[in-house]
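Step one of this worksheet: look at the structure below.
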Amino acid sequence: MMSYYNTRHPGLTIYCILTCVSVIFLTYAPTQNWSLGFLGMAWGGFIFFRALSLLEVADYPEPLEGLNLSSKGSTQTLPTLATDLLSRMDGNRNMVRGLFALHSVHTRTILWFCIALVAFFYEIYTTLHFDPAETKFLTLAQNATLYFIIGATFWAGQTYAYSNNVSRFLSIFFLILLGVAFLPHVGLIDLSNFWHIPQGDNSSYILPILFGYSFLALLPAYAKGRRYAMNSIVGSIILLFIILCAVTLPQGTQSYALWIAAWGLFSIFWVRSERSTRKIYRLHLTG
Amino acid sequence: MRKRDVYAARRMALFFIGFFALLQCALGLSLILGQSPQAMQVYAALARPPFEKTANNKTPDRTDQALSSFVTASNNITQPTSVIAP
């Protein structure tokens, strides 16, 4: 079986392209069902393969007894041994990257997705009243796709934010995307909406609940140390910005582009407020 | 919680994430197909309730309807004329 962690993978590039296309499409192009469907399929496929790649390193590491520690190949000559060791070290480095990426399935992140799922089903229950019709189904599929893209950006961003270099790159990338998504809203900010939070069938329960939970989940990080606290403060500032946008801006597909960029930016500080990304070298034998 | 359980929980979470990703692929496909009139007919057929309520709020008996339509149809069958002379 070909191992995912033997070579440099294009996952980060695909993630950036998908996020960029989603934000630009939702901001500037009129929403069509077929294009939203293509976006949903692309994101679904990407997340599926990302989860599949992480499964490879999600096995419990067995004890070293019984494993063949000798060099690969029958010859024990010095050049073969050196090449083999270098190859194993390279594989090990990529494996450690995968292990860092597993921080994205931390309990609080899984709880975030569970809350989002429950809120989404509650929203279906309150808005659709289980009245099946083709138009309702398409509306449901549209909403589910948009929420899935937001959740996918949030989760996949965490799987790549383990590295200092990548998280720095992603921060700049998402800041630019946030600017791109925010441009059409510049003249539309209505502060009078701040005190009149929309209520009724059209208002979504999901985002306010997730804001509240994220704020609460960031609180323990303040007591863990200066570095974690700094990441939590930046994360809280991003959350405040999202809430301000959610309250003052008109709802529509353009606002979803804003959420995608903002939750992607937040994902970096979310994962770094929980776990440090200092380098730990371990030997993982792949048999 | 033992370390082995943590790994098992991670694997379970990854399985669920993969499952929802596949579900999203299906939803995306349905959004694409939703543009075509044939797919809309399928959606409408799936969404239609199995028994329509009548004006007096009684569910019509489909068996009686089917029987009566069968009897009507069989009464309307005309005897084929034989082409072979007796």
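By convention in this document, the chains of the structure tokens carry letters A, B, ... by their order, each chain's residues are numbered from 1, and ligands are numbered from 1 in the order they are shown.
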(message) Residues of chain B within 8 Å of chain A, counting only C-alpha atoms, what are they? List them as a VMD selection string.
(response) chain B and resid 4 7 to 8 10 to 11 13 to 15 17 to 35 40 43 to 44 47 to 48
Just write the chosen residues, N, CA, C and O atoms, as a compact mmCIF listing (two decimals), in the first residue's frame.
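In the end it all went to out-v9.txt:
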# COMPACT_ATOMS: atom_id res chain seq x y z
N ARG B 4 -4.88 4.22 24.53
CA ARG B 4 -5.45 3.42 23.45
C ARG B 4 -6.88 3.87 23.12
O ARG B 4 -7.29 3.91 21.97
N TYR B 7 -6.87 7.05 21.02
CA TYR B 7 -6.64 6.75 19.61
C TYR B 7 -7.90 6.19 18.95
O TYR B 7 -8.22 6.52 17.81
N ALA B 8 -8.61 5.33 19.69
CA ALA B 8 -9.85 4.75 19.14
C ALA B 8 -10.88 5.85 18.91
O ALA B 8 -11.58 5.86 17.89
N ARG B 10 -10.27 8.98 18.31
CA ARG B 10 -9.83 9.77 17.15
C ARG B 10 -10.22 9.09 15.85
O ARG B 10 -10.69 9.72 14.90
N ARG B 11 -10.02 7.78 15.81
CA ARG B 11 -10.38 7.04 14.59
C ARG B 11 -11.88 7.12 14.33
O ARG B 11 -12.32 7.31 13.19
N ALA B 13 -13.87 9.52 15.27
CA ALA B 13 -14.17 10.88 14.81
C ALA B 13 -13.82 11.03 13.33
O ALA B 13 -14.58 11.63 12.56
N LEU B 14 -12.69 10.46 12.94
CA LEU B 14 -12.29 10.56 11.53
C LEU B 14 -13.26 9.80 10.62
O LEU B 14 -13.57 10.25 9.51
N PHE B 15 -13.75 8.66 11.12
CA PHE B 15 -14.75 7.91 10.35
C PHE B 15 -16.01 8.75 10.13
O PHE B 15 -16.56 8.81 9.02
N ILE B 17 -16.25 12.02 10.21
CA ILE B 17 -15.96 13.14 9.32
C ILE B 17 -15.98 12.67 7.86
O ILE B 17 -16.55 13.32 6.98
N GLY B 18 -15.38 11.50 7.61
CA GLY B 18 -15.39 10.94 6.26
C GLY B 18 -16.80 10.62 5.79
O GLY B 18 -17.15 10.86 4.63
N PHE B 19 -17.62 10.11 6.72
CA PHE B 19 -19.01 9.79 6.37
C PHE B 19 -19.78 11.05 5.98
O PHE B 19 -20.50 11.08 4.96
N PHE B 20 -19.62 12.10 6.77
CA PHE B 20 -20.33 13.34 6.44
C PHE B 20 -19.81 13.96 5.15
O PHE B 20 -20.56 14.61 4.41
N ALA B 21 -18.53 13.76 4.88
CA ALA B 21 -17.97 14.28 3.62
C ALA B 21 -18.62 13.56 2.43
O ALA B 21 -18.97 14.20 1.43
N LEU B 22 -18.78 12.24 2.56
CA LEU B 22 -19.44 11.49 1.47
C LEU B 22 -20.90 11.93 1.33
O LEU B 22 -21.42 12.04 0.21
N LEU B 23 -21.54 12.17 2.47
CA LEU B 23 -22.93 12.64 2.46
C LEU B 23 -23.03 13.99 1.73
O LEU B 23 -23.95 14.24 0.95
N GLN B 24 -22.03 14.82 1.97
CA GLN B 24 -22.01 16.14 1.31
C GLN B 24 -21.81 15.98 -0.19
O GLN B 24 -22.39 16.73 -0.97
N CYS B 25 -21.00 14.99 -0.58
CA CYS B 25 -20.83 14.72 -2.01
C CYS B 25 -22.17 14.38 -2.65
O CYS B 25 -22.50 14.87 -3.74
N ALA B 26 -22.95 13.56 -1.94
CA ALA B 26 -24.28 13.19 -2.45
C ALA B 26 -25.19 14.41 -2.53
O ALA B 26 -25.94 14.58 -3.50
N LEU B 27 -25.11 15.27 -1.53
CA LEU B 27 -25.94 16.49 -1.54
C LEU B 27 -25.55 17.41 -2.70
O LEU B 27 -26.41 17.99 -3.37
N GLY B 28 -24.23 17.51 -2.91
CA GLY B 28 -23.75 18.33 -4.02
C GLY B 28 -24.24 17.79 -5.35
O GLY B 28 -24.66 18.55 -6.23
N LEU B 29 -24.20 16.47 -5.48
CA LEU B 29 -24.69 15.83 -6.70
C LEU B 29 -26.18 16.11 -6.89
O LEU B 29 -26.65 16.37 -8.00
N SER B 30 -26.92 16.04 -5.78
CA SER B 30 -28.37 16.29 -5.89
C SER B 30 -28.64 17.75 -6.25
O SER B 30 -29.62 18.05 -6.94
N LEU B 31 -27.77 18.66 -5.81
CA LEU B 31 -27.93 20.08 -6.21
C LEU B 31 -27.68 20.25 -7.70
O LEU B 31 -28.37 21.03 -8.37
N ILE B 32 -26.68 19.51 -8.21
CA ILE B 32 -26.40 19.61 -9.65
C ILE B 32 -27.55 19.01 -10.45
O ILE B 32 -28.04 19.60 -11.41
N LEU B 33 -28.00 17.81 -10.01
CA LEU B 33 -29.08 17.14 -10.73
C LEU B 33 -30.41 17.86 -10.55
O LEU B 33 -31.33 17.69 -11.35
N GLY B 34 -30.52 18.63 -9.47
CA GLY B 34 -31.76 19.35 -9.19
C GLY B 34 -32.12 20.35 -10.26
O GLY B 34 -33.26 20.83 -10.32
N GLN B 35 -31.17 20.68 -11.13
CA GLN B 35 -31.44 21.61 -12.21
C GLN B 35 -32.22 20.95 -13.34
O GLN B 35 -32.87 21.63 -14.12
N MET B 40 -36.23 16.69 -11.01
CA MET B 40 -37.29 17.34 -10.25
C MET B 40 -38.53 16.44 -10.17
O MET B 40 -39.23 16.42 -9.16
N TYR B 43 -37.81 13.96 -7.48
CA TYR B 43 -37.97 14.58 -6.17
C TYR B 43 -39.45 14.70 -5.82
O TYR B 43 -39.86 14.41 -4.69
N ALA B 44 -40.24 15.15 -6.81
CA ALA B 44 -41.67 15.34 -6.56
C ALA B 44 -42.35 14.02 -6.22
O ALA B 44 -43.19 13.95 -5.32
N ALA B 47 -41.38 13.07 -2.75
CA ALA B 47 -41.91 13.94 -1.71
C ALA B 47 -43.42 13.83 -1.58
O ALA B 47 -43.99 14.27 -0.59
N ARG B 48 -44.08 13.21 -2.58
CA ARG B 48 -45.54 13.10 -2.55
C ARG B 48 -45.98 12.15 -1.43
O ARG B 48 -45.41 11.05 -1.30
(request) Determine, counting only C-alpha atoms, which protein, DNA and RNA residues have an atom within 7 Å of an atom of range 13-28 of chain A; residues of the same chain fewer than 3 positions away are not included. Present the result as a ChimeraX atom specification. (result) /A:10,31,181,253-254,257,260
(request) Could you please determine the separation between CA of Cys245 in chain A and CA of Ser171 in chain A in Å, to one decimal place? (result)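 That distance, rounded to one decimal, is 19.2 Å.
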